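The structure appears below as structure tokens.
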Amino acid sequence: MPWEAEASLDVLANTLARRIRRHATGEGFITTEIPGLELARADSTTDCMGSRVYDPALCLVAQGAKTLWLGDRRIDYGPLSCMVSAVPLPVLGKVVEASPQKPFLGVKFTVDPQEVTDLVLAMGAPGVPQREDACPDGACGMSRVLADRGMVEAMSRLVSLLDTPRDIAILGPLIRREILYRALIGELAPYMRKFVTSDSQTHRVSRAIEVLKARFTEPLRVRELADMVNMSESALFHSFKQVTRMSPVQFQKRLRLHEARRLMLAEGAEASTAGFRVGYGSPSHFSRDYSRMFGVPPRTDVSQLRGELQHAAPHRAPG
């Protein structure tokens with residue numbers, strides 16, 4: 001799969017990739033000493049569909065390529081693609097370009113909405129137009145643009161702090177602020193400002209998502225959920241579908257199946273037990289939904305995932 005980037009950014013991308021690889025010695029998402037910063041690595045493409053709930057974050061790819069599915073939307077991203085998720089979102093993904101010689105490498109930078117709010121207030125009037133229609137799928141909670149030089153340089157400097165841990169406490173917050181600033185003055189600005197407006201569509205959907213995350217094993221009552229976020233049922237359904245590319249019912253189902261997969265893979269739970277624990281009353285219903293989402297029945301999927309994990313480094317995590 002060909003990916004093109006501006007020639008002037010190639011050297012910066014290679015530098016970032018080297019810095020990530022130096023500290024990402026295993027596959028998967030690797031937590032670092034820098035608060036909110038994770039490194040991602042994969043040494044091969046993946047056959048199984050990985051699953052993960054993305055918290056509000058900025059993700060930048062330095063090398064390789066990956067494909068995500070958010071509801072009915074497919075998002076392809078390769079070198080220097082910068083993705084922002086404005087709300088917690090359950091996604092499916094596959095690494096489509098990676099090898100031991102040239103692994104997939106990226107960074108995930110957790111975004112604190114309060115930090116964004118404080119920075120917007122300090123900046124004053126926006127430096128770029130805030131027209132949502134200027135961006136494809138402008139209402140969607142996950143968006144992608146090509147990173148500019150300033151963003152790549154700042155992210156690379158943040159990763160480089162892992163070489164000098166004594167500098168993290170002082171320089172880390174400064175570089176975090178610069179990364180958010182770069183996002184707010186560039187093409188990501190319309191998406192980043194979704195973190196700020198407390199009465200925006202995205203913010204209300206975010207509140208609904210938090211309720212669903214906390215109570216996903218319980219029966220879903222859409223009217224009650226709508227009342228909790230001060231929206232009508234129809235408005236909630238429409239806004240929720242725009243932001244997440246799923247209905248509230250589909251979103252809850254994704255959360256249940258993500259957790260059931262984790263229970264089977266990490267805790268060794270049987271399929272029927274995992275289904276019951278996440279809210280399914282019928283094993284056949286659980287198996288049917290699981291197969292639709294992951295392409296194969298629960299037992300087959302977990303067996304395939306374990307096979308992949310046995311050939312990967314100890315730090316490997318699906319997704």
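We label chains A, B, ... in the order they appear in the structure tokens, count residues from 1 in each chain, and number ligands from 1 in the order shown.
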Shell around Ala266 in chain A at 10 Å using only C-alpha atoms, local window under 4 positions removed, as a short mmCIF file (atom, residue, chain, number, x, y, z; two decimals) with N, CA, C and O atoms, in the first residue's frame:
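Output contents, as saved in result07.cif:
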data_model
loop_
_atom_site.label_atom_id
_atom_site.label_comp_id
_atom_site.auth_asym_id
_atom_site.auth_seq_id
_atom_site.Cartn_x
_atom_site.Cartn_y
_atom_site.Cartn_z
N ALA A 260 -15.69 -8.84 26.33
CA ALA A 260 -15.77 -10.30 26.30
C ALA A 260 -14.51 -10.90 25.68
O ALA A 260 -13.97 -11.90 26.17
N ARG A 261 -14.02 -10.28 24.64
CA ARG A 261 -12.79 -10.76 24.00
C ARG A 261 -11.61 -10.68 24.99
O ARG A 261 -10.79 -11.59 25.06
N ARG A 262 -11.55 -9.58 25.73
CA ARG A 262 -10.48 -9.42 26.71
C ARG A 262 -10.57 -10.49 27.79
O ARG A 262 -9.55 -11.07 28.20
N VAL A 302 -10.23 -16.41 19.51
CA VAL A 302 -9.26 -16.40 20.62
C VAL A 302 -8.09 -17.32 20.32
O VAL A 302 -6.93 -17.01 20.62
N ARG A 306 -4.24 -16.06 20.12
CA ARG A 306 -3.18 -16.65 20.94
C ARG A 306 -2.04 -17.15 20.07
O ARG A 306 -0.87 -17.07 20.46
#
Exercise for review: Output as JSON, numbers by chain all residues of range 29-97 of chain A that backbone DSSP marks as strand (DSSP E).
Suggested key: {"A": [29, 30, 31, 37, 38, 39, 40, 41, 42, 50, 51, 52, 53, 54, 57, 58, 59, 60, 61, 62, 63, 65, 66, 67, 68, 69, 70, 73, 74, 75, 76, 77, 81, 82, 83, 84, 85, 89, 90, 91, 92, 93, 94, 95, 96, 97]}
Review point. Range 49-64 of chain A: which residues within 7 Å, counting only C-alpha atoms, same-chain residues fewer than 6 positions away excluded, as number ranges by chain?
Key: A: 13, 16-17, 78-94, 97-98, 103-111, 258, 294, 318-319
Resulting file, chosen residues, N, CA and C atoms, as a short mmCIF file (atom, residue, chain, number, x, y, z; two decimals), in the first residue's frame:
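Writing the result to again_33.cif gives the following:
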data_model
loop_
_atom_site.label_atom_id
_atom_site.label_comp_id
_atom_site.auth_asym_id
_atom_site.auth_seq_id
_atom_site.Cartn_x
_atom_site.Cartn_y
_atom_site.Cartn_z
N ALA A 13 10.41 12.12 9.86
CA ALA A 13 9.70 10.86 10.11
C ALA A 13 10.68 9.75 10.46
N LEU A 16 11.92 10.27 14.02
CA LEU A 16 10.90 9.86 14.98
C LEU A 16 10.82 8.33 15.05
N ALA A 17 10.88 7.67 13.90
CA ALA A 17 10.80 6.21 13.88
C ALA A 17 11.97 5.59 14.65
N GLY A 78 -1.02 6.06 7.25
CA GLY A 78 0.35 5.63 7.08
C GLY A 78 1.31 6.67 7.60
N PRO A 79 2.56 6.71 7.11
CA PRO A 79 3.56 7.62 7.64
C PRO A 79 3.11 9.07 7.66
N LEU A 80 3.26 9.69 8.82
CA LEU A 80 2.93 11.09 9.07
C LEU A 80 1.44 11.37 9.09
N SER A 81 0.62 10.32 9.11
CA SER A 81 -0.81 10.54 9.34
C SER A 81 -1.01 10.85 10.82
N CYS A 82 -1.77 11.88 11.10
CA CYS A 82 -2.07 12.27 12.47
C CYS A 82 -3.57 12.13 12.68
N MET A 83 -3.95 11.35 13.66
CA MET A 83 -5.36 11.07 13.91
C MET A 83 -5.74 11.59 15.29
N VAL A 84 -6.93 12.17 15.37
CA VAL A 84 -7.43 12.63 16.67
C VAL A 84 -8.77 11.95 16.94
N SER A 85 -8.93 11.43 18.15
CA SER A 85 -10.22 10.90 18.60
C SER A 85 -10.71 11.81 19.71
N ALA A 86 -11.86 12.43 19.49
CA ALA A 86 -12.37 13.43 20.42
C ALA A 86 -13.16 12.83 21.57
N VAL A 87 -13.62 11.60 21.41
CA VAL A 87 -14.40 10.91 22.44
C VAL A 87 -13.90 9.47 22.52
N PRO A 88 -14.18 8.75 23.62
CA PRO A 88 -13.79 7.34 23.68
C PRO A 88 -14.55 6.53 22.62
N LEU A 89 -13.81 5.78 21.79
CA LEU A 89 -14.43 5.08 20.67
C LEU A 89 -13.90 3.65 20.57
N PRO A 90 -14.81 2.66 20.46
CA PRO A 90 -14.38 1.28 20.24
C PRO A 90 -14.12 1.06 18.75
N VAL A 91 -12.90 0.68 18.39
CA VAL A 91 -12.56 0.52 16.98
C VAL A 91 -11.96 -0.86 16.73
N LEU A 92 -12.02 -1.27 15.48
CA LEU A 92 -11.34 -2.47 15.01
C LEU A 92 -10.18 -2.03 14.15
N GLY A 93 -9.10 -2.79 14.14
CA GLY A 93 -7.95 -2.36 13.36
C GLY A 93 -7.06 -3.50 12.94
N LYS A 94 -6.31 -3.28 11.84
CA LYS A 94 -5.34 -4.24 11.36
C LYS A 94 -4.10 -3.49 10.90
N GLU A 97 0.92 -2.74 6.94
CA GLU A 97 2.25 -2.55 6.39
C GLU A 97 3.27 -2.58 7.53
N ALA A 98 4.02 -3.67 7.63
CA ALA A 98 5.03 -3.82 8.69
C ALA A 98 5.87 -5.05 8.41
N PRO A 103 9.34 -2.12 10.96
CA PRO A 103 8.09 -2.32 11.70
C PRO A 103 7.15 -1.10 11.63
N PHE A 104 5.89 -1.37 11.93
CA PHE A 104 4.94 -0.28 12.13
C PHE A 104 5.31 0.41 13.43
N LEU A 105 5.45 1.74 13.40
CA LEU A 105 5.83 2.51 14.58
C LEU A 105 4.98 3.76 14.69
N GLY A 106 4.48 4.03 15.88
CA GLY A 106 3.66 5.21 16.07
C GLY A 106 3.64 5.64 17.53
N VAL A 107 3.01 6.79 17.77
CA VAL A 107 2.86 7.30 19.13
C VAL A 107 1.40 7.63 19.38
N LYS A 108 0.98 7.43 20.62
CA LYS A 108 -0.37 7.79 21.06
C LYS A 108 -0.22 8.78 22.21
N PHE A 109 -0.84 9.93 22.05
CA PHE A 109 -0.69 11.05 22.97
C PHE A 109 -2.07 11.37 23.55
N THR A 110 -2.31 10.99 24.80
CA THR A 110 -3.61 11.21 25.42
C THR A 110 -3.89 12.69 25.60
N VAL A 111 -5.10 13.10 25.24
CA VAL A 111 -5.48 14.51 25.31
C VAL A 111 -6.38 14.75 26.52
N HIS A 258 -15.91 -6.13 22.98
CA HIS A 258 -14.51 -5.82 23.29
C HIS A 258 -14.13 -6.43 24.64
N PHE A 294 -16.18 -9.91 14.61
CA PHE A 294 -14.80 -10.32 14.42
C PHE A 294 -14.59 -11.30 13.27
N PRO A 318 -3.17 -7.16 21.43
CA PRO A 318 -3.96 -7.13 20.23
C PRO A 318 -4.53 -5.74 19.97
N GLY A 319 -4.57 -5.33 18.70
CA GLY A 319 -5.10 -4.02 18.35
C GLY A 319 -4.00 -3.09 18.00
#
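Each of A:Met192, A:Met142, A:Ala42, A:Val296 was compared to Lys66 in chain A using only C-alpha atoms, and A:Ala42 turns out to be the nearest.
Taking only C-alpha atoms, the non-local environment of Ser247 in chain A within 12 Å (same-chain residues fewer than 3 positions away omitted) comprises Leu70, Gly71, Asp72, Val205, Ala208, Ile209, Leu212, Leu220, Val222, Glu233, Ser234, Ala235, Leu236, Phe237, His238, Ser239, Phe240, Lys241, Gln242, Val243, Thr244, Gln250, Phe251, Gln252, Lys253 and Arg254 of chain A.
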Exercise for review: For CA of Tyr181 in chain A and CA of Leu158 in chain A, determine how far apart the two atoms are, in Å to one decimal place.
Suggested key: 14.1 Å
Review point. Hey, what's within 8 Å of range 283-291 of chain A if we count only C-alpha atoms and toss same-chain stuff fewer than 4 positions away? As a PyMOL selection string, please?
Key: chain A and resi 257+271-272+275-276+295-298
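Reported to one decimal place, the separation of CA of Val196 in chain A from CA of Leu225 in chain A is 22.1 Å.
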Check your understanding: Of the candidates A:Asp167, A:Pro100, A:Val159, A:Glu187, which shows the shortest atom-to-atom distance to Leu37 in chain A, using only C-alpha atoms?
Key -> A:Val159
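If only C-alpha atoms are the atoms counted, then among A:Tyr77, A:Arg221, A:Asp43, A:Ile34 the closest residue to Ile175 in chain A is A:Ile34.
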Check your understanding: How far is it from CA of Asn230 in chain A to CA of Gly141 in chain A, in Å with one decimal?
Key -> 19.7 Å
Exercise for review: Would you list the contacts of Leu263 in chain A as a PyMOL selection string, taking every protein, DNA or RNA residue within 7 Å and counting only C-alpha atoms, but skipping same-chain residues closer than 5 positions in sequence?
Suggested key: chain A and resi 268-269+274
Exercise for review: Could you find all residues in range 14-197 of chain A that DSSP calls alpha helix (DSSP H) from the backbone, and write them as a PyMOL selection string?
Suggested key: chain A and resi 14-23+113-123+149-160+168-185+189-192
